[in-house]
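Structure data follow from query19.txt (compact mmCIF, C-alpha atoms and all ligand atoms):
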```txt
# COMPACT_ATOMS: atom_id res chain seq x y z
CA MET P 1 120.19 -110.24 -138.99
CA VAL P 2 118.34 -113.51 -139.18
CA ILE P 3 119.23 -114.19 -135.57
CA ALA P 4 117.89 -110.81 -134.50
CA VAL P 5 114.59 -111.33 -136.29
CA GLY P 6 114.30 -114.80 -134.84
CA PHE P 7 114.89 -113.44 -131.39
CA LEU P 8 112.25 -110.74 -131.77
CA LEU P 9 109.76 -113.28 -133.07
CA ARG P 10 110.54 -115.57 -130.17
CA ARG P 11 109.97 -112.77 -127.69
CA ALA P 12 106.72 -111.72 -129.31
CA VAL P 13 105.27 -115.20 -129.53
CA TYR P 14 106.42 -116.12 -126.06
CA SER P 15 104.74 -113.13 -124.46
CA ARG P 16 101.54 -113.73 -126.37
CA VAL P 17 101.27 -117.42 -125.80
CA PHE P 18 102.57 -118.28 -122.39
CA ALA P 19 104.23 -115.38 -120.67
CA PRO P 20 104.03 -115.84 -116.90
CA LYS P 21 101.33 -113.66 -115.42
CA ASP P 22 101.60 -111.53 -112.36
CA PRO P 23 99.15 -113.23 -109.98
CA ASP P 24 98.63 -109.99 -108.03
CA ASN P 25 97.72 -108.02 -111.09
CA LEU P 26 95.20 -110.14 -112.92
CA PRO P 27 91.85 -108.75 -114.00
CA GLU P 28 88.81 -110.74 -112.96
CA GLU P 29 88.60 -112.35 -116.36
CA THR P 30 90.91 -111.69 -119.27
CA PRO P 31 88.69 -112.19 -122.31
CA ALA P 32 91.52 -113.34 -124.58
CA GLU P 33 92.65 -115.94 -122.04
CA ALA P 34 89.22 -117.00 -120.87
CA GLU P 35 88.43 -120.65 -121.30
CA ASP P 36 85.94 -121.28 -124.05
CA PRO P 37 83.00 -122.94 -122.27
CA ASP P 38 82.31 -125.12 -125.30
CA THR P 39 85.79 -126.29 -126.10
CA GLY P 40 87.85 -125.76 -122.95
CA ASP P 41 90.40 -123.89 -125.08
CA ARG P 42 92.98 -121.75 -123.37
CA GLY P 43 95.35 -121.29 -126.23
CA GLY P 44 95.70 -117.54 -125.97
CA PRO P 45 94.61 -114.58 -128.03
CA SER P 46 93.73 -116.59 -131.10
CA ASP P 47 92.49 -120.15 -131.18
CA VAL P 48 94.57 -120.90 -134.28
CA LEU P 49 98.34 -121.04 -133.90
CA THR P 50 100.16 -119.10 -136.61
CA GLU P 51 102.94 -120.69 -138.65
CA GLU P 52 105.45 -118.78 -136.54
CA GLN P 53 103.90 -120.10 -133.35
CA LEU P 54 103.89 -123.65 -134.68
CA ALA P 55 107.55 -123.34 -135.69
CA LEU P 56 108.50 -122.01 -132.30
CA LEU P 57 106.32 -124.10 -129.99
CA LYS P 58 106.48 -127.36 -131.99
CA PRO P 59 103.27 -128.86 -130.64
CA ASN P 60 103.32 -132.64 -130.88
CA GLU P 61 100.15 -134.18 -129.59
CA LEU P 62 101.11 -137.69 -130.62
CA GLY P 63 104.14 -137.60 -128.33
CA LYS P 64 104.41 -139.47 -125.05
CA VAL P 65 103.27 -138.21 -121.65
CA PRO P 66 105.17 -138.91 -118.43
CA ILE P 67 102.84 -140.12 -115.69
CA ILE P 68 104.87 -140.09 -112.49
CA MET P 69 104.13 -142.58 -109.71
CA TYR P 70 105.06 -141.57 -106.19
CA HIS P 71 104.46 -143.59 -103.07
CA ALA P 72 105.41 -142.20 -99.63
CA ILE P 73 106.85 -138.70 -99.25
CA GLY P 74 109.03 -138.38 -96.13
CA ASP P 75 112.20 -137.10 -94.55
CA THR P 76 114.50 -139.61 -96.19
CA GLU P 77 114.79 -141.25 -99.58
CA GLY P 78 113.92 -144.96 -99.78
CA GLU P 79 112.84 -147.62 -102.21
CA TRP P 80 109.18 -146.60 -101.98
CA GLN P 81 109.67 -143.13 -100.54
CA ARG P 82 110.74 -139.81 -102.07
CA SER P 83 112.32 -137.34 -99.68
CA ARG P 84 110.62 -133.97 -99.32
CA ALA P 85 113.75 -132.21 -100.53
CA ASN P 86 113.91 -134.38 -103.64
CA PHE P 87 110.19 -133.94 -104.28
CA ARG P 88 110.63 -130.15 -104.18
CA ALA P 89 113.58 -130.50 -106.56
CA ASP P 90 111.46 -132.70 -108.86
CA LEU P 91 108.82 -129.97 -109.16
CA GLN P 92 111.48 -127.42 -110.12
CA ARG P 93 113.04 -129.85 -112.57
CA PHE P 94 109.71 -130.64 -114.25
CA TYR P 95 108.98 -126.93 -114.54
CA ASP P 96 112.42 -126.06 -115.92
CA LEU P 97 112.12 -128.82 -118.53
CA GLY P 98 108.91 -127.23 -119.84
CA TYR P 99 106.32 -129.44 -118.18
CA SER P 100 102.94 -128.34 -116.83
CA LEU P 101 100.72 -130.54 -114.71
CA ILE P 102 97.47 -131.82 -116.15
CA PRO P 103 94.78 -133.83 -114.37
CA LEU P 104 94.91 -137.56 -115.09
CA ASN P 105 91.25 -137.47 -116.14
CA ASP P 106 92.10 -134.87 -118.82
CA TYR P 107 94.76 -137.21 -120.16
CA LEU P 108 92.33 -140.14 -120.12
CA THR P 109 89.60 -138.18 -121.92
CA GLY P 110 92.01 -136.44 -124.31
CA GLN P 111 90.96 -132.99 -123.11
CA ILE P 112 94.49 -131.69 -122.77
CA SER P 113 94.82 -127.96 -122.27
CA ALA P 114 98.34 -127.46 -120.95
CA PRO P 115 99.62 -124.03 -122.01
CA ALA P 116 100.72 -123.93 -125.66
CA GLY P 117 104.30 -125.07 -126.06
CA ARG P 118 104.47 -126.83 -122.71
CA ALA P 119 104.55 -130.58 -122.19
CA PRO P 120 101.86 -132.19 -120.04
CA LEU P 121 102.95 -134.27 -117.07
CA VAL P 122 100.70 -136.21 -114.68
CA LEU P 123 101.47 -136.66 -110.99
CA THR P 124 100.05 -139.70 -109.22
CA PHE P 125 100.44 -140.82 -105.62
CA ASP P 126 99.63 -144.33 -104.40
CA ASP P 127 98.64 -145.53 -100.91
CA ALA P 128 97.47 -142.17 -99.43
CA THR P 129 100.22 -141.67 -96.86
CA ALA P 130 100.48 -138.76 -94.42
CA GLY P 131 103.53 -137.33 -96.19
CA GLN P 132 101.45 -136.92 -99.33
CA PHE P 133 98.72 -134.94 -97.59
CA THR P 134 98.13 -133.78 -94.04
CA MET P 135 95.99 -130.89 -92.84
CA ILE P 136 97.18 -128.85 -89.87
CA GLU P 137 95.64 -126.03 -87.87
CA SER P 138 97.14 -122.71 -88.88
CA GLU P 139 98.87 -120.97 -85.97
CA ALA P 140 97.66 -117.63 -87.31
CA ASP P 141 93.89 -118.18 -87.33
CA GLY P 142 93.23 -121.80 -86.38
CA LYS P 143 92.00 -122.65 -89.89
CA TRP P 144 92.86 -126.06 -91.31
CA ILE P 145 95.47 -125.80 -94.07
CA PRO P 146 97.64 -128.35 -95.89
CA ASP P 147 100.88 -129.05 -94.07
CA PRO P 148 103.42 -127.08 -96.15
CA ASP P 149 105.78 -130.07 -95.90
CA SER P 150 103.25 -132.51 -97.36
CA ALA P 151 103.22 -133.04 -101.12
CA VAL P 152 99.92 -131.14 -101.43
CA GLY P 153 101.35 -128.20 -99.47
CA MET P 154 104.53 -128.20 -101.56
CA LEU P 155 102.55 -128.34 -104.82
CA LEU P 156 100.28 -125.44 -103.86
CA GLU P 157 103.26 -123.39 -102.69
CA PHE P 158 105.25 -124.06 -105.88
CA GLU P 159 102.32 -123.04 -108.05
CA LYS P 160 102.17 -119.60 -106.40
CA SER P 161 105.45 -118.63 -108.03
CA HIS P 162 104.96 -120.80 -111.16
CA PRO P 163 101.28 -120.41 -112.06
CA GLU P 164 101.53 -122.05 -115.49
CA PHE P 165 102.81 -125.23 -113.80
CA GLY P 166 99.46 -125.89 -112.09
CA HIS P 167 98.89 -128.26 -109.18
CA ALA P 168 96.98 -131.17 -110.66
CA ALA P 169 97.57 -134.50 -108.93
CA THR P 170 95.76 -137.80 -108.46
CA PHE P 171 95.73 -139.64 -105.14
CA PHE P 172 95.05 -143.37 -105.35
CA ILE P 173 93.55 -144.07 -101.98
CA ASP P 174 92.55 -147.13 -99.99
CA PHE P 175 90.94 -147.62 -96.59
CA PRO P 176 90.52 -147.70 -93.62
CA ALA P 177 92.64 -144.60 -93.03
CA PRO P 178 93.59 -142.65 -96.17
CA PHE P 179 96.50 -140.29 -95.47
CA GLY P 180 96.96 -142.02 -92.13
CA ASP P 181 94.08 -140.11 -90.56
CA ALA P 182 90.85 -142.05 -89.97
CA LYS P 183 89.25 -139.09 -88.14
CA ARG P 184 89.41 -136.52 -90.94
CA VAL P 185 88.82 -138.68 -94.00
CA LYS P 186 85.80 -136.70 -95.16
CA GLU P 187 87.44 -133.30 -94.67
CA ASN P 188 90.67 -134.41 -96.32
CA LEU P 189 88.97 -135.83 -99.39
CA ALA P 190 86.72 -132.78 -99.68
CA PHE P 191 89.74 -130.47 -99.58
CA LEU P 192 91.41 -132.32 -102.45
CA VAL P 193 88.28 -132.29 -104.59
CA GLU P 194 87.49 -128.64 -103.87
CA ASN P 195 91.05 -127.72 -104.84
CA GLY P 196 91.02 -129.44 -108.19
CA MET P 197 92.89 -132.58 -107.27
CA GLU P 198 91.67 -136.06 -108.10
CA ILE P 199 90.88 -139.10 -106.00
CA GLY P 200 91.66 -142.39 -107.71
CA ASN P 201 90.75 -145.95 -106.82
CA HIS P 202 93.44 -148.14 -105.24
CA THR P 203 90.92 -150.80 -104.11
CA TYR P 204 89.26 -150.68 -100.69
CA ASN P 205 91.74 -152.99 -98.97
CA HIS P 206 94.82 -152.44 -101.09
CA ARG P 207 94.25 -155.89 -102.51
CA ASN P 208 96.54 -157.59 -105.00
CA LEU P 209 94.02 -158.46 -107.72
CA GLN P 210 96.33 -160.81 -109.59
CA SER P 211 94.63 -163.95 -108.35
CA ALA P 212 91.32 -162.37 -107.28
CA SER P 213 88.04 -163.73 -108.64
CA PRO P 214 85.99 -161.39 -110.86
CA ASP P 215 83.53 -160.97 -107.95
CA LEU P 216 86.29 -159.89 -105.61
CA VAL P 217 87.65 -157.45 -108.22
CA VAL P 218 84.21 -155.81 -108.42
CA GLN P 219 83.85 -155.79 -104.63
CA GLU P 220 87.26 -154.18 -104.05
CA ILE P 221 86.84 -151.50 -106.72
CA GLY P 222 83.13 -150.91 -106.12
CA SER P 223 83.34 -150.59 -102.35
CA LEU P 224 86.11 -147.97 -102.63
CA ALA P 225 84.09 -146.02 -105.22
CA ASN P 226 80.95 -146.21 -103.07
CA LYS P 227 82.79 -145.09 -99.96
CA VAL P 228 84.31 -142.04 -101.67
CA TRP P 229 80.92 -141.16 -103.13
CA GLU P 230 79.26 -141.48 -99.74
CA LEU P 231 81.92 -139.30 -98.07
CA CYS P 232 82.19 -136.45 -100.55
CA GLY P 233 79.97 -136.99 -103.61
CA TYR P 234 82.97 -137.65 -105.82
CA GLU P 235 83.31 -140.37 -108.44
CA PRO P 236 86.83 -141.85 -108.80
CA LEU P 237 87.42 -142.39 -112.53
CA SER P 238 90.77 -144.15 -112.54
CA LEU P 239 92.26 -147.24 -110.93
CA ALA P 240 95.85 -147.96 -109.91
CA LEU P 241 96.46 -151.64 -109.34
CA PRO P 242 98.02 -152.39 -105.92
CA TYR P 243 101.40 -154.08 -106.42
CA GLY P 244 100.72 -153.80 -110.15
CA GLY P 245 98.76 -157.05 -109.78
CA TYR P 246 96.75 -157.45 -112.99
CA PRO P 247 93.67 -159.69 -112.65
CA LYS P 248 93.35 -162.74 -114.90
CA SER P 249 90.18 -161.32 -116.43
CA GLU P 250 89.53 -157.68 -117.29
CA ASP P 251 85.92 -158.08 -116.15
CA GLY P 252 85.04 -155.39 -113.67
CA LEU P 253 88.05 -153.18 -114.35
CA ALA P 254 86.49 -150.61 -116.69
CA SER P 255 83.06 -150.72 -115.09
CA GLY P 256 80.93 -152.67 -112.70
CA GLU P 257 78.24 -152.54 -110.06
CA TRP P 258 78.55 -153.05 -106.34
CA GLU P 259 75.75 -152.76 -103.76
CA GLY P 260 73.41 -150.97 -106.14
CA ARG P 261 75.86 -148.41 -107.52
CA THR P 262 77.79 -148.52 -110.75
CA TYR P 263 81.36 -147.37 -111.15
CA ALA P 264 83.53 -146.63 -114.18
CA ASN P 265 87.26 -146.36 -114.67
CA LEU P 266 88.45 -144.40 -117.68
CA GLY P 267 91.92 -145.79 -117.16
CA VAL P 268 93.79 -148.53 -115.28
CA LEU P 269 97.33 -147.63 -114.27
CA LEU P 270 100.22 -150.03 -113.99
CA VAL P 271 103.21 -149.83 -111.64
CA GLY P 272 105.86 -149.46 -114.37
CA ALA P 273 107.76 -148.48 -116.33
CA GLU P 274 107.89 -145.99 -119.22
CA PRO P 275 106.19 -142.82 -120.52
CA ALA P 276 102.55 -143.28 -121.57
CA PRO P 277 101.35 -143.04 -125.16
CA SER P 278 99.44 -139.98 -126.31
CA PRO P 279 95.73 -140.44 -125.58
CA PHE P 280 95.13 -139.85 -129.31
CA SER P 281 97.54 -142.55 -130.39
CA SER P 282 96.60 -145.97 -131.74
CA LYS P 283 98.97 -147.28 -129.03
CA PHE P 284 96.80 -145.89 -126.22
CA SER P 285 95.40 -148.74 -124.18
CA PRO P 286 93.14 -147.48 -121.38
CA LEU P 287 93.30 -150.64 -119.29
CA ALA P 288 97.11 -150.78 -119.21
CA ILE P 289 98.63 -147.33 -118.78
CA PRO P 290 102.31 -147.27 -117.83
CA ARG P 291 103.82 -144.96 -115.24
CA ILE P 292 107.32 -143.80 -114.37
CA ARG P 293 108.43 -144.43 -110.84
CA GLY P 294 109.24 -141.21 -108.96
CA SER P 295 112.77 -142.32 -108.00
CA GLN P 296 116.00 -140.55 -108.90
CA GLU P 297 117.12 -143.30 -111.20
CA GLU P 298 113.88 -143.63 -113.16
CA LEU P 299 113.30 -139.88 -113.41
CA ASP P 300 116.86 -139.33 -114.63
CA LYS P 301 116.41 -142.09 -117.17
CA TRP P 302 113.13 -141.01 -118.71
CA LEU P 303 113.39 -137.24 -118.40
CA GLY P 304 116.92 -137.54 -119.78
CA ASN P 305 115.57 -139.55 -122.72
CA PHE P 306 113.15 -136.75 -123.59
CA GLU P 307 115.97 -134.21 -123.36
CA ARG P 308 117.99 -136.23 -125.85
CA TYR P 309 114.99 -136.99 -128.08
CA PRO P 310 112.57 -134.10 -127.57
CA GLU P 311 110.62 -135.08 -130.67
CA GLY P 312 109.20 -138.04 -128.71
CA ARG P 313 107.51 -135.87 -126.12
CA PHE P 314 103.91 -134.66 -126.14
CA VAL P 315 103.86 -130.87 -126.48
CA SER P 316 100.52 -129.12 -126.16
CA ASP P 317 98.97 -126.72 -128.65
CA GLY P 318 97.10 -125.13 -125.74
CA GLN P 319 93.72 -126.08 -127.14
CA ALA P 320 91.65 -128.93 -125.82
CA SER P 321 89.48 -128.97 -128.94
CA LYS P 322 92.39 -129.44 -131.37
CA VAL P 323 94.94 -132.18 -131.90
CA THR P 324 98.05 -130.69 -133.48
CA ILE P 325 100.44 -133.18 -135.02
CA ARG P 326 103.19 -133.30 -137.62
CA GLU P 327 102.16 -133.88 -141.20
CA GLY P 328 102.55 -137.52 -142.17
CA GLU P 329 101.69 -138.87 -138.71
CA GLU P 330 97.92 -138.98 -139.25
CA GLY P 331 98.07 -142.76 -139.55
CA ASN P 332 99.16 -143.04 -135.90
CA LEU P 333 95.92 -141.49 -134.64
CA ASP P 334 93.18 -143.68 -133.18
CA PRO P 335 90.01 -142.45 -134.92
CA THR P 336 87.86 -143.35 -131.91
CA ARG P 337 90.01 -141.15 -129.64
CA ILE P 338 89.70 -137.95 -131.72
CA GLU P 339 85.96 -137.86 -132.29
CA GLY P 340 84.73 -134.28 -132.04
CA LEU P 341 88.26 -132.88 -132.10
CA GLU P 342 89.88 -130.96 -134.93
CA VAL P 343 93.15 -132.41 -136.23
CA VAL P 344 95.70 -129.77 -137.27
CA THR P 345 98.83 -130.85 -139.13
CA TYR P 346 101.93 -128.83 -139.90
CA THR P 347 105.45 -129.28 -141.23
CA LEU P 348 108.66 -128.02 -139.71
CA SER P 349 111.21 -126.56 -142.08
CA PRO P 350 114.46 -128.61 -142.11
CA THR P 351 116.28 -125.81 -140.28
CA ASN P 352 113.74 -125.65 -137.49
CA ARG P 353 113.34 -129.20 -136.33
ZN ZN P 401 99.71 -149.34 -103.30
```

Take the structure in this file and express it as structure tokens.
Ligand SMILES: [Zn+2]
Amino acid sequence: MVIAVGFLLRRAVYSRVFAPKDPDNLPEETPAEAEDPDTGDRGGPSDVLTEEQLALLKPNELGKVPIIMYHAIGDTEGEWQRSRANFRADLQRFYDLGYSLIPLNDYLTGQISAPAGRAPLVLTFDDATAGQFTMIESEADGKWIPDPDSAVGMLLEFEKSHPEFGHAATFFIDFPAPFGDAKRVKENLAFLVENGMEIGNHTYNHRNLQSASPDLVVQEIGSLANKVWELCGYEPLSLALPYGGYPKSEDGLASGEWEGRTYANLGVLLVGAEPAPSPFSSKFSPLAIPRIRGSQEELDKWLGNFERYPEGRFVSDGQASKVTIREGEEGNLDPTRIEGLEVVTYTLSPTNR
């Protein structure tokens, strides 16, 4: 009897909170699901999770977030290349394990609105290679569309049948020819921005900043930011360090000025090598954010860890304005990271952990 009731409850909560929607049959705007313009909430019918929902969904917004780092995407697998087939399989694996994509900037600002009960995951791509993103002319009507075999094409295609997965991704670009195409830089960057993807800073010349002077750090970061702004009116807000080379001084990493324009980075991403702390955690360090390499070995290792220890993983409450954590963990919050947000605590009964 208990099992039956539990099952019914599960069904009811599931359908209310994150049942997949039929993309062909959506009203213009579903009031209950509409994003609150003030808070960015998309938690569902009510903006407070019931005890049953908390017990079922187990939100844990002090858990860790996987930020995946891909380099080239191509036909074969290599040290710095993920094969297209494996990339497609990765998307399915992330989805099946309960992940939804969130924009890196949402992670950095703590505005996380992954569907309630799902775990946020961030996709990042370094070096702007053609396999990550290429536009082709459609044979049907001559319009420019993403190559379906590029990562952008694969992401957009996967989202069609898995709408709650999303398609957020950040591309850390450098010059002179992002995505291997110097002729269509402006169009390519504009497409990404218009389609809700992010452009990140990978320095103008893909420079190892480890031994760079503070002036050179500012020049490399600032000239990339200025160039992207000039091309498409977009401000990169994150930096991935080429080769993981960390400069001797942090001057110029978080902000700086180059040729009359200022830039700001909300986060600086490293090359390795573990899941990132919750952005609300006292362990969050914006100038040293770890990533997980998008290789079979590293994905197996870290995704497998979360499967064995699911309590370590960030699980969203679906509401950007609230931070839902387990009772007793309040001391792990960084007060400066939760300003303006409402902290919700709850306990799990011993039988429902
Ligand atoms: Zn690089």

Give me, as JSON lines, the closest atom pair and its distance (Å, one decimal) for every residue of range 44-116 of chain P within a cut-off of 12 Å of range 173-183 of chain P, counting all atoms listed in the file, rows sorted by chain and rising number.
```
{"residue": "P:His71", "atom": "CA", "partner": "P:Ile173", "partner_atom": "CA", "distance": 11.0}
{"residue": "P:Ala72", "atom": "CA", "partner": "P:Phe179", "partner_atom": "CA", "distance": 10.0}
{"residue": "P:Ile73", "atom": "CA", "partner": "P:Phe179", "partner_atom": "CA", "distance": 11.1}
```

Can you report as AutoDock Vina command-line options the centre and edge lengths in Å, to one decimal, of an axis-aligned box around the listed atoms of range 315-332 of chain P padded with 5 Å on each side?
```
--center_x 96.7 --center_y -134.1 --center_z -134.0 --size_x 24.4 --size_y 27.9 --size_z 26.4
```

* Asked: Using only C-alpha atoms and all ligand atoms, which protein or nucleic acid residues are at most 12 Å from ligand ZN 401 (chain P), as a PyMOL selection string?
  -> chain P and resi 69-72+80+124-129+171-175+178+200-209+239-245+269-271

* Structure fact -> One residue among P:Lys186, P:Arg291, P:Arg118, P:Arg261 is nearest to Glu61 in chain P when using all atoms listed in the file, and that residue is P:Arg118

* Residues within 12 Å of Pro59 in chain P, only C-alpha atoms, excluding chain neighbours under 6 positions, as a ChimeraX atom specification -> /P:43,49-53,113-120,310-319,322-327,344-348,353
